[in-house]
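Participant: As input, take input_3.cif (mmCIF, C-alpha atoms and all ligand atoms; chains and numbers go by the auth columns):
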```cif
data_structure
#
loop_
_atom_site.group_PDB
_atom_site.id
_atom_site.type_symbol
_atom_site.label_atom_id
_atom_site.label_comp_id
_atom_site.label_asym_id
_atom_site.label_seq_id
_atom_site.Cartn_x
_atom_site.Cartn_y
_atom_site.Cartn_z
_atom_site.B_iso_or_equiv
_atom_site.auth_seq_id
_atom_site.auth_asym_id
ATOM 1 C CA MET A 1 25.090 1.381 12.075 0.00 306 A
ATOM 2 C CA PRO A 2 21.708 2.082 10.354 0.00 307 A
ATOM 3 C CA ILE A 3 21.577 4.850 7.778 0.00 308 A
ATOM 4 C CA PRO A 4 18.489 7.056 8.321 0.00 309 A
ATOM 5 C CA LEU A 5 16.012 7.449 5.488 0.00 310 A
ATOM 6 C CA PRO A 6 14.131 10.722 6.014 0.00 311 A
ATOM 7 C CA THR A 7 10.493 10.297 4.984 0.00 312 A
ATOM 8 C CA PRO A 8 9.865 12.587 2.000 0.00 313 A
ATOM 9 C CA THR A 9 6.932 14.818 1.114 0.00 314 A
ATOM 10 C CA LEU A 10 5.652 13.977 -2.368 0.00 315 A
ATOM 11 C CA HIS A 11 2.962 15.526 -4.554 0.00 316 A
ATOM 12 C CA THR A 12 0.737 14.273 -7.337 0.00 317 A
ATOM 13 C CA ALA A 13 -1.987 16.124 -9.227 0.00 318 A
ATOM 14 C CA ARG A 14 -4.503 15.415 -6.451 0.00 319 A
ATOM 15 C CA LEU A 15 -2.549 14.204 -3.445 0.00 320 A
ATOM 16 C CA ARG A 16 0.114 15.088 -0.933 0.00 321 A
ATOM 17 C CA LEU A 17 2.110 12.311 0.712 0.00 322 A
ATOM 18 C CA ARG A 18 3.901 13.401 3.885 0.00 323 A
ATOM 19 C CA PRO A 19 5.415 12.078 7.095 0.00 324 A
ATOM 20 C CA PHE A 20 2.961 11.185 9.858 0.00 325 A
ATOM 21 C CA GLY A 21 2.692 13.456 12.888 0.00 326 A
ATOM 22 C CA ASP A 22 1.086 13.128 16.327 0.00 327 A
ATOM 23 C CA ALA A 23 -1.964 15.068 15.089 0.00 328 A
ATOM 24 C CA ASP A 24 -2.846 12.162 12.764 0.00 329 A
ATOM 25 C CA ALA A 25 -3.700 9.787 15.609 0.00 330 A
ATOM 26 C CA HIS A 26 -7.435 10.483 15.511 0.00 331 A
ATOM 27 C CA ASP A 27 -7.839 9.912 11.749 0.00 332 A
ATOM 28 C CA LEU A 28 -5.547 6.916 11.827 0.00 333 A
ATOM 29 C CA PHE A 29 -7.553 5.268 14.560 0.00 334 A
ATOM 30 C CA ALA A 30 -10.800 5.888 12.685 0.00 335 A
ATOM 31 C CA LEU A 31 -9.278 4.229 9.599 0.00 336 A
ATOM 32 C CA HIS A 32 -7.865 1.171 11.340 0.00 337 A
ATOM 33 C CA SER A 33 -10.810 0.558 13.625 0.00 338 A
ATOM 34 C CA SER A 34 -13.148 0.102 10.649 0.00 339 A
ATOM 35 C CA ALA A 35 -14.070 -3.538 10.100 0.00 340 A
ATOM 36 C CA ARG A 36 -14.937 -2.796 6.477 0.00 341 A
ATOM 37 C CA VAL A 37 -11.576 -1.186 5.735 0.00 342 A
ATOM 38 C CA LEU A 38 -9.724 -4.016 7.516 0.00 343 A
ATOM 39 C CA ARG A 39 -11.846 -6.755 5.942 0.00 344 A
ATOM 40 C CA TYR A 40 -8.872 -8.348 4.171 0.00 345 A
ATOM 41 C CA TRP A 41 -6.103 -7.150 6.492 0.00 346 A
ATOM 42 C CA ASP A 42 -3.731 -9.584 8.153 0.00 347 A
ATOM 43 C CA SER A 43 -4.824 -8.582 11.648 0.00 348 A
ATOM 44 C CA PRO A 44 -8.109 -7.509 13.301 0.00 349 A
ATOM 45 C CA PRO A 45 -9.303 -3.892 13.439 0.00 350 A
ATOM 46 C CA TRP A 46 -7.794 -1.795 16.229 0.00 351 A
ATOM 47 C CA SER A 47 -9.773 -1.520 19.433 0.00 352 A
ATOM 48 C CA GLY A 48 -7.546 0.826 21.447 0.00 353 A
ATOM 49 C CA ARG A 49 -6.411 4.332 20.510 0.00 354 A
ATOM 50 C CA GLY A 50 -2.907 3.555 21.734 0.00 355 A
ATOM 51 C CA ARG A 51 -2.412 1.578 18.534 0.00 356 A
ATOM 52 C CA ALA A 52 -2.511 4.784 16.507 0.00 357 A
ATOM 53 C CA GLU A 53 0.141 6.441 18.651 0.00 358 A
ATOM 54 C CA HIS A 54 2.294 3.320 18.414 0.00 359 A
ATOM 55 C CA PHE A 55 1.909 3.273 14.614 0.00 360 A
ATOM 56 C CA ILE A 56 3.065 6.899 14.374 0.00 361 A
ATOM 57 C CA THR A 57 6.056 6.218 16.624 0.00 362 A
ATOM 58 C CA THR A 58 6.933 3.245 14.416 0.00 363 A
ATOM 59 C CA CYS A 59 6.880 5.482 11.331 0.00 364 A
ATOM 60 C CA GLN A 60 9.470 7.748 12.965 0.00 365 A
ATOM 61 C CA GLN A 61 11.582 4.717 13.964 0.00 366 A
ATOM 62 C CA MET A 62 11.446 3.366 10.424 0.00 367 A
ATOM 63 C CA ALA A 63 12.884 6.637 9.144 0.00 368 A
ATOM 64 C CA GLU A 64 15.588 6.765 11.830 0.00 369 A
ATOM 65 C CA GLU A 65 16.617 3.146 11.204 0.00 370 A
ATOM 66 C CA GLY A 66 16.380 3.377 7.416 0.00 371 A
ATOM 67 C CA ALA A 67 13.889 0.522 7.368 0.00 372 A
ATOM 68 C CA GLY A 68 11.507 2.206 4.931 0.00 373 A
ATOM 69 C CA ALA A 69 8.984 4.994 4.612 0.00 374 A
ATOM 70 C CA ARG A 70 5.353 5.206 5.649 0.00 375 A
ATOM 71 C CA LEU A 71 3.505 8.271 4.398 0.00 376 A
ATOM 72 C CA ALA A 72 0.145 9.811 5.235 0.00 377 A
ATOM 73 C CA VAL A 73 -1.909 10.706 2.162 0.00 378 A
ATOM 74 C CA ASP A 74 -3.976 13.906 2.068 0.00 379 A
ATOM 75 C CA ARG A 75 -6.269 15.153 -0.690 0.00 380 A
ATOM 76 C CA LEU A 76 -4.906 18.469 -1.951 0.00 381 A
ATOM 77 C CA ALA A 77 -8.362 19.915 -2.689 0.00 382 A
ATOM 78 C CA ASP A 78 -9.531 19.939 0.934 0.00 383 A
ATOM 79 C CA GLY A 79 -6.578 18.715 2.956 0.00 384 A
ATOM 80 C CA SER A 80 -8.496 15.691 4.200 0.00 385 A
ATOM 81 C CA PHE A 81 -6.652 12.587 5.356 0.00 386 A
ATOM 82 C CA LEU A 82 -7.364 9.705 2.969 0.00 387 A
ATOM 83 C CA GLY A 83 -5.050 6.979 4.202 0.00 388 A
ATOM 84 C CA TRP A 84 -1.433 5.944 3.879 0.00 389 A
ATOM 85 C CA CYS A 85 1.029 3.991 1.818 0.00 390 A
ATOM 86 C CA SER A 86 4.406 2.583 2.690 0.00 391 A
ATOM 87 C CA LEU A 87 7.580 0.836 1.702 0.00 392 A
ATOM 88 C CA SER A 88 8.815 -1.330 4.543 0.00 393 A
ATOM 89 C CA GLN A 89 11.285 -4.159 5.157 0.00 394 A
ATOM 90 C CA TRP A 90 13.923 -2.396 3.082 0.00 395 A
ATOM 91 C CA ASN A 91 16.773 -4.837 2.561 0.00 396 A
ATOM 92 C CA GLN A 92 19.771 -2.847 1.354 0.00 397 A
ATOM 93 C CA ASP A 93 21.754 -5.966 0.367 0.00 398 A
ATOM 94 C CA TYR A 94 18.959 -7.376 -1.745 0.00 399 A
ATOM 95 C CA ARG A 95 17.753 -3.890 -2.782 0.00 400 A
ATOM 96 C CA SER A 96 14.189 -4.978 -2.020 0.00 401 A
ATOM 97 C CA ALA A 97 11.231 -3.653 -0.028 0.00 402 A
ATOM 98 C CA SER A 98 7.506 -4.312 0.523 0.00 403 A
ATOM 99 C CA LEU A 99 4.677 -2.053 -0.574 0.00 404 A
ATOM 100 C CA GLY A 100 1.588 -1.514 1.586 0.00 405 A
ATOM 101 C CA TYR A 101 -1.401 0.847 1.595 0.00 406 A
ATOM 102 C CA CYS A 102 -4.684 1.516 3.352 0.00 407 A
ATOM 103 C CA PHE A 103 -7.325 4.057 2.393 0.00 408 A
ATOM 104 C CA ASP A 104 -10.558 5.207 3.973 0.00 409 A
ATOM 105 C CA GLU A 105 -13.687 3.682 2.502 0.00 410 A
ATOM 106 C CA ALA A 106 -15.033 7.106 1.484 0.00 411 A
ATOM 107 C CA ALA A 107 -11.971 7.512 -0.760 0.00 412 A
ATOM 108 C CA TRP A 108 -12.183 4.196 -2.596 0.00 413 A
ATOM 109 C CA GLY A 109 -12.787 4.013 -6.317 0.00 414 A
ATOM 110 C CA HIS A 110 -11.181 7.340 -7.317 0.00 415 A
ATOM 111 C CA GLY A 111 -7.774 6.031 -8.265 0.00 416 A
ATOM 112 C CA TYR A 112 -6.154 7.540 -5.154 0.00 417 A
ATOM 113 C CA ALA A 113 -4.350 4.385 -4.026 0.00 418 A
ATOM 114 C CA THR A 114 -2.820 3.854 -7.447 0.00 419 A
ATOM 115 C CA GLU A 115 -1.849 7.526 -7.734 0.00 420 A
ATOM 116 C CA ALA A 116 -0.229 7.549 -4.280 0.00 421 A
ATOM 117 C CA ALA A 117 1.596 4.253 -4.719 0.00 422 A
ATOM 118 C CA ARG A 118 2.872 5.302 -8.139 0.00 423 A
ATOM 119 C CA VAL A 119 4.603 8.427 -6.858 0.00 424 A
ATOM 120 C CA LEU A 120 5.999 6.475 -3.903 0.00 425 A
ATOM 121 C CA LEU A 121 7.430 3.879 -6.273 0.00 426 A
ATOM 122 C CA GLN A 122 8.925 6.602 -8.464 0.00 427 A
ATOM 123 C CA TRP A 123 10.644 8.101 -5.435 0.00 428 A
ATOM 124 C CA ALA A 124 11.746 4.734 -4.086 0.00 429 A
ATOM 125 C CA PHE A 125 13.356 3.463 -7.271 0.00 430 A
ATOM 126 C CA ALA A 126 15.406 6.664 -7.333 0.00 431 A
ATOM 127 C CA ALA A 127 16.102 7.361 -3.638 0.00 432 A
ATOM 128 C CA MET A 128 16.331 3.813 -2.313 0.00 433 A
ATOM 129 C CA ASP A 129 17.940 2.294 -5.397 0.00 434 A
ATOM 130 C CA LEU A 130 15.552 -0.639 -5.228 0.00 435 A
ATOM 131 C CA ASN A 131 15.584 -3.576 -7.605 0.00 436 A
ATOM 132 C CA ARG A 132 12.508 -5.478 -6.365 0.00 437 A
ATOM 133 C CA ILE A 133 9.313 -4.398 -4.650 0.00 438 A
ATOM 134 C CA GLN A 134 6.983 -7.031 -3.262 0.00 439 A
ATOM 135 C CA ALA A 135 3.365 -6.840 -2.205 0.00 440 A
ATOM 136 C CA GLU A 136 0.966 -9.390 -0.808 0.00 441 A
ATOM 137 C CA THR A 137 -2.763 -9.342 -0.665 0.00 442 A
ATOM 138 C CA ASP A 138 -5.662 -11.517 0.361 0.00 443 A
ATOM 139 C CA THR A 139 -6.838 -13.448 -2.683 0.00 444 A
ATOM 140 C CA ARG A 140 -10.335 -12.028 -2.135 0.00 445 A
ATOM 141 C CA ASN A 141 -9.142 -8.395 -2.209 0.00 446 A
ATOM 142 C CA ILE A 142 -9.988 -7.576 -5.806 0.00 447 A
ATOM 143 C CA ALA A 143 -9.419 -3.832 -5.469 0.00 448 A
ATOM 144 C CA SER A 144 -5.896 -4.299 -4.060 0.00 449 A
ATOM 145 C CA ALA A 145 -4.956 -6.795 -6.754 0.00 450 A
ATOM 146 C CA ARG A 146 -6.160 -4.375 -9.367 0.00 451 A
ATOM 147 C CA VAL A 147 -4.103 -1.532 -7.879 0.00 452 A
ATOM 148 C CA LEU A 148 -0.980 -3.692 -8.066 0.00 453 A
ATOM 149 C CA GLU A 149 -1.660 -4.756 -11.619 0.00 454 A
ATOM 150 C CA LYS A 150 -2.242 -1.149 -12.695 0.00 455 A
ATOM 151 C CA LEU A 151 1.189 -0.346 -11.239 0.00 456 A
ATOM 152 C CA GLY A 152 2.821 -3.105 -13.260 0.00 457 A
ATOM 153 C CA PHE A 153 3.200 -5.735 -10.535 0.00 458 A
ATOM 154 C CA VAL A 154 3.190 -9.361 -11.676 0.00 459 A
ATOM 155 C CA ARG A 155 1.405 -12.018 -9.683 0.00 460 A
ATOM 156 C CA GLU A 156 4.068 -14.581 -8.799 0.00 461 A
ATOM 157 C CA GLY A 157 2.293 -17.107 -6.637 0.00 462 A
ATOM 158 C CA THR A 158 -0.118 -18.028 -3.875 0.00 463 A
ATOM 159 C CA LEU A 159 0.641 -18.437 -0.180 0.00 464 A
ATOM 160 C CA ARG A 160 -1.932 -20.998 0.861 0.00 465 A
ATOM 161 C CA GLU A 161 -3.633 -20.484 4.228 0.00 466 A
ATOM 162 C CA ASP A 162 -1.201 -17.650 4.884 0.00 467 A
ATOM 163 C CA CYS A 163 -3.279 -15.765 7.446 0.00 468 A
ATOM 164 C CA VAL A 164 -5.660 -16.608 10.269 0.00 469 A
ATOM 165 C CA VAL A 165 -7.607 -13.600 11.523 0.00 470 A
ATOM 166 C CA ASN A 166 -10.260 -14.189 14.166 0.00 471 A
ATOM 167 C CA GLY A 167 -10.323 -17.853 13.157 0.00 472 A
ATOM 168 C CA GLU A 168 -10.814 -17.089 9.450 0.00 473 A
ATOM 169 C CA VAL A 169 -8.155 -18.740 7.295 0.00 474 A
ATOM 170 C CA SER A 170 -7.229 -17.019 4.015 0.00 475 A
ATOM 171 C CA ASP A 171 -4.772 -17.296 1.154 0.00 476 A
ATOM 172 C CA SER A 172 -2.456 -14.528 -0.089 0.00 477 A
ATOM 173 C CA TRP A 173 -1.164 -13.670 -3.502 0.00 478 A
ATOM 174 C CA VAL A 174 2.423 -12.543 -3.850 0.00 479 A
ATOM 175 C CA TYR A 175 3.135 -9.796 -6.365 0.00 480 A
ATOM 176 C CA GLY A 176 6.515 -8.504 -7.516 0.00 481 A
ATOM 177 C CA LEU A 177 7.730 -5.486 -9.467 0.00 482 A
ATOM 178 C CA ILE A 178 11.281 -5.488 -10.830 0.00 483 A
ATOM 179 C CA ARG A 179 13.128 -2.285 -11.577 0.00 484 A
ATOM 180 C CA ARG A 180 13.624 -3.095 -15.256 0.00 485 A
ATOM 181 C CA GLU A 181 9.841 -3.408 -15.625 0.00 486 A
ATOM 182 C CA TRP A 182 9.303 0.133 -14.333 0.00 487 A
ATOM 183 C CA PRO A 183 7.557 2.202 -15.470 0.00 488 A
ATOM 184 C CA PRO A 184 5.051 -0.160 -17.055 0.00 489 A
ATOM 185 C CA SER A 185 4.675 0.263 -20.805 0.00 490 A
ATOM 186 C CA TRP A 186 1.168 1.708 -20.473 0.00 491 A
ATOM 187 C CA GLU A 187 2.370 4.373 -17.982 0.00 492 A
ATOM 188 C CA PRO A 188 2.044 7.423 -20.304 0.00 493 A
ATOM 189 C CA THR A 189 -1.714 6.874 -20.519 0.00 494 A
ATOM 190 C CA LEU A 190 -2.394 7.053 -16.823 0.00 495 A
ATOM 191 C CA GLY A 191 -6.121 7.248 -17.297 0.00 496 A
ATOM 192 C CA GLY A 192 -6.134 4.247 -19.611 0.00 497 A
ATOM 193 C CA ALA A 193 -6.816 0.704 -18.636 0.00 498 A
ATOM 194 C CA ALA A 194 -3.768 -1.312 -17.683 0.00 499 A
ATOM 195 C CA PRO A 195 -3.747 -4.772 -19.188 0.00 500 A
ATOM 196 C CA SER A 196 -4.437 -7.456 -16.656 0.00 501 A
ATOM 197 C CA ARG A 197 -1.332 -9.543 -15.884 0.00 502 A
ATOM 198 C CA SER A 198 -3.392 -12.373 -14.505 0.00 503 A
ATOM 199 C CA ARG A 199 -6.433 -14.166 -15.670 0.00 504 A
ATOM 200 C CA ALA A 200 -7.833 -15.349 -12.367 0.00 505 A
ATOM 201 C CA ILE A 201 -9.987 -12.290 -11.856 0.00 506 A
ATOM 202 C CA GLY A 202 -12.768 -13.134 -9.467 0.00 507 A
ATOM 203 C CA ARG A 203 -10.333 -13.917 -6.669 0.00 508 A
ATOM 204 C CA HIS A 204 -7.841 -11.448 -5.376 0.00 509 A
ATOM 205 C CA PRO A 205 -4.808 -10.125 -3.194 0.00 510 A
ATOM 206 C CA GLY A 206 -1.855 -8.392 0.501 0.00 511 A
ATOM 207 C CA GLY A 207 3.915 -10.731 2.530 0.00 512 A
ATOM 208 C CA PHE A 208 2.991 -8.307 4.693 0.00 513 A
ATOM 209 C CA ARG A 209 -0.465 -7.883 3.489 0.00 514 A
ATOM 210 C CA GLY A 210 -1.005 -4.174 3.689 0.00 515 A
ATOM 211 C CA GLY A 211 2.544 -3.652 4.940 0.00 516 A
ATOM 212 C CA ARG A 212 1.589 -3.949 8.598 0.00 517 A
HETATM 213 C C1 LIG B . -7.383 -1.649 -1.886 0.00 601 B
HETATM 214 C C2 LIG B . -7.513 -0.135 -1.828 0.00 601 B
HETATM 215 C C3 LIG B . -6.180 0.465 -1.414 0.00 601 B
HETATM 216 C C4 LIG B . -7.898 0.385 -3.206 0.00 601 B
HETATM 217 O O1 LIG B . -7.966 1.808 -3.126 0.00 601 B
HETATM 218 P P1 LIG B . -8.630 2.678 -4.295 0.00 601 B
HETATM 219 O O2 LIG B . -8.211 4.089 -4.087 0.00 601 B
HETATM 220 O O3 LIG B . -10.069 2.386 -4.369 0.00 601 B
HETATM 221 O O4 LIG B . -7.901 2.067 -5.566 0.00 601 B
HETATM 222 P P2 LIG B . -7.964 2.622 -7.060 0.00 601 B
HETATM 223 O O5 LIG B . -9.189 3.448 -7.236 0.00 601 B
HETATM 224 O O6 LIG B . -6.630 3.218 -7.365 0.00 601 B
HETATM 225 O O7 LIG B . -8.078 1.256 -7.899 0.00 601 B
HETATM 226 C C5 LIG B . -9.020 0.270 -7.534 0.00 601 B
HETATM 227 C C6 LIG B . -9.290 -0.619 -8.728 0.00 601 B
HETATM 228 O O8 LIG B . -9.958 -1.805 -8.290 0.00 601 B
HETATM 229 C C7 LIG B . -11.155 -1.939 -9.017 0.00 601 B
HETATM 230 N N1 LIG B . -12.133 -2.615 -8.150 0.00 601 B
HETATM 231 C C8 LIG B . -12.495 -2.251 -6.899 0.00 601 B
HETATM 232 N N2 LIG B . -13.391 -3.129 -6.417 0.00 601 B
HETATM 233 C C9 LIG B . -13.558 -4.066 -7.385 0.00 601 B
HETATM 234 C C10 LIG B . -14.352 -5.239 -7.481 0.00 601 B
HETATM 235 N N3 LIG B . -15.141 -5.628 -6.478 0.00 601 B
HETATM 236 N N4 LIG B . -14.262 -5.967 -8.600 0.00 601 B
HETATM 237 C C11 LIG B . -13.469 -5.591 -9.635 0.00 601 B
HETATM 238 N N5 LIG B . -12.681 -4.465 -9.577 0.00 601 B
HETATM 239 C C12 LIG B . -12.751 -3.741 -8.472 0.00 601 B
HETATM 240 C C13 LIG B . -11.550 -0.537 -9.387 0.00 601 B
HETATM 241 O O9 LIG B . -12.465 -0.504 -10.439 0.00 601 B
HETATM 242 C C14 LIG B . -10.172 0.032 -9.763 0.00 601 B
HETATM 243 O O10 LIG B . -9.745 -0.466 -11.006 0.00 601 B
HETATM 244 P P3 LIG B . -9.892 0.403 -12.355 0.00 601 B
HETATM 245 O O11 LIG B . -9.120 1.682 -12.156 0.00 601 B
HETATM 246 O O12 LIG B . -9.319 -0.480 -13.406 0.00 601 B
HETATM 247 O O13 LIG B . -11.349 0.677 -12.543 0.00 601 B
HETATM 248 C C15 LIG B . -8.625 0.277 -0.834 0.00 601 B
HETATM 249 O O14 LIG B . -9.791 -0.407 -1.161 0.00 601 B
HETATM 250 C C16 LIG B . -8.262 0.010 0.603 0.00 601 B
HETATM 251 O O15 LIG B . -7.507 0.768 1.221 0.00 601 B
HETATM 252 N N6 LIG B . -8.812 -1.085 1.179 0.00 601 B
HETATM 253 C C17 LIG B . -8.644 -1.391 2.577 0.00 601 B
HETATM 254 C C18 LIG B . -7.204 -1.709 2.964 0.00 601 B
HETATM 255 C C19 LIG B . -6.617 -2.777 2.088 0.00 601 B
HETATM 256 O O16 LIG B . -7.252 -3.777 1.795 0.00 601 B
HETATM 257 N N7 LIG B . -5.357 -2.548 1.712 0.00 601 B
HETATM 258 C C20 LIG B . -4.630 -3.485 0.886 0.00 601 B
HETATM 259 C C21 LIG B . -4.042 -4.575 1.698 0.00 601 B
HETATM 260 S S1 LIG B . -3.115 -5.659 0.649 0.00 601 B
#
```
Represent the structure contained in this file as structure tokens.
Ligand SMILES: CC(C)(COP(=O)(O)OP(=O)(O)OC[C@H]1O[C@@H](n2cnc3c(N)ncnc32)[C@H](O)[C@@H]1OP(=O)(O)O)[C@@H](O)C(=O)NCCC(=O)NCCS
Facilitator:
Amino acid sequence: MPIPLPTPTLHTARLRLRPFGDADAHDLFALHSSARVLRYWDSPPWSGRGRAEHFITTCQQMAEEGAGARLAVDRLADGSFLGWCSLSQWNQDYRSASLGYCFDEAAWGHGYATEAARVLLQWAFAAMDLNRIQAETDTRNIASARVLEKLGFVREGTLREDCVVNGEVSDSWVYGLIRREWPPSWEPTLGGAAPSRSRAIGRHPGGFRGGR
């Protein structure tokens, strides 16, 4: 019998993370139909609006089944929808889950993804009693790799030729964050530069790239 995991509402200095609702379908479709946003995703951009409605229904199912939490992210200053982040594939025996996120191009480069993921991780380590959080990313996705490294994730390996999207074959990096490593030692200086955990900068990351 699954134990429900109600999706929380979380706040940071600049963001509100909240459960998805039916009214988000328009913004969600705009986000996931962008070829630029989905450049390194593990599936092609959406072409039908029904995908957005299905995504929102899946968020509600995840909460009911206790499979994880997928949260819409709004900017507090103007209430605009920026994107989403999620913890999925929650395995209660292993105390593990997968992190994913997707933000609108207009919101990139302001630290929003890191800020949103950080508060989600804080909540998850407490509410879900996790021990391990995994993330995967296309090895060309420099921004996503950097987000993970700023959060304290360690690059653990490469999944060679992991994805084929529209005939394009790509590799994935696997990242892991263990509870005892959280929060990362540089956490108090949130504005400061996190040390890079990997040296292979120039190529980058998404097991569920993006937490599809
Ligand atoms: C990946 C993504 C979530 C990053 O969002 P964001 O809000 O821009 O992330 P942040 O601003 O918190 O951090 C991005 C970091 O990457 C760095 N970065 C971005 N592009 C870079 C590049 N081409 N080369 C080097 N660093 C780069 C930024 O400088 C920043 O690091 P810094 O704080 O040390 O300067 C966003 O680009 C996105 O949603 N992309 C589309 C969906 C996607 O790929 N999701 C991930 C699937 S695994």
Participant: Run the PyMOL selection byres (((chain A and resi 337) around 10) and not hetatm) mentally over the shown coordinates, then write out the matched residues as a ChimeraX atom specification, using the chain letters and numbers from the document.
Facilitator: /A:332-336,338-343,346,349-352,354,356-357,388,407-409
Participant: For the contact check between chain A and ligand LIG 601 (chain B), emit one row per residue of chain A within 7 Å, containing the shortest atom pair and the distance in Å rounded to one decimal, counting only C-alpha atoms and all ligand atoms, chain then rising number order, as CSV.
Facilitator:
```
residue,atom,partner,partner_atom,distance
A:Val342,CA,B:LIG601,C17,4.3
A:Leu343,CA,B:LIG601,C18,5.7
A:Arg344,CA,B:LIG601,O16,6.9
A:Tyr345,CA,B:LIG601,O16,5.4
A:Trp346,CA,B:LIG601,C21,5.8
A:Gly405,CA,B:LIG601,S1,6.3
A:Tyr406,CA,B:LIG601,N7,5.2
A:Cys407,CA,B:LIG601,O15,3.6
A:Phe408,CA,B:LIG601,O15,3.5
A:Asp409,CA,B:LIG601,O15,6.0
A:Glu410,CA,B:LIG601,O14,6.7
A:Ala412,CA,B:LIG601,O2,6.1
A:Trp413,CA,B:LIG601,O3,3.3
A:Gly414,CA,B:LIG601,O3,3.7
A:His415,CA,B:LIG601,O5,4.4
A:Gly416,CA,B:LIG601,O5,3.1
A:Tyr417,CA,B:LIG601,O2,4.2
A:Ala418,CA,B:LIG601,O2,3.9
A:Thr419,CA,B:LIG601,O6,3.9
A:Glu420,CA,B:LIG601,O6,6.4
A:Glu441,CA,B:LIG601,S1,5.7
A:Thr442,CA,B:LIG601,S1,3.9
A:Asp443,CA,B:LIG601,S1,6.4
A:Asn446,CA,B:LIG601,O16,6.4
A:Ile447,CA,B:LIG601,C10,5.2
A:Ala448,CA,B:LIG601,O8,3.5
A:Ser449,CA,B:LIG601,C1,3.7
A:Arg451,CA,B:LIG601,O8,4.7
A:Val452,CA,B:LIG601,O7,4.9
A:Ala498,CA,B:LIG601,O12,5.9
A:Pro510,CA,B:LIG601,S1,6.1
A:Gly511,CA,B:LIG601,S1,3.0
A:Arg514,CA,B:LIG601,S1,4.5
A:Gly515,CA,B:LIG601,C21,3.7
```
Participant: Given only C-alpha atoms as the basis, pick out the residue of A:Ile308, A:Ala402, A:Leu426, A:Val479 nearest to Gln366 of chain A.
Facilitator: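 Selected residue with least distance to Gln366 of chain A: A:Ile308.
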Participant: As an exercise, work out the distance from atom CA of Val459 of chain A to atom CA of Val424 of chain A in Å and give it to one decimal place.
Facilitator: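 Atom CA of Val424 of chain A lies at a distance of 18.5 Å from atom CA of Val459 of chain A.
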Participant: Check what the PyMOL selection byres (((chain A and resi 486) around 12) and not hetatm) selects in the file above and give those residues as a ChimeraX atom specification.
Facilitator: /A:430,436-438,456-459,481-485,487-492
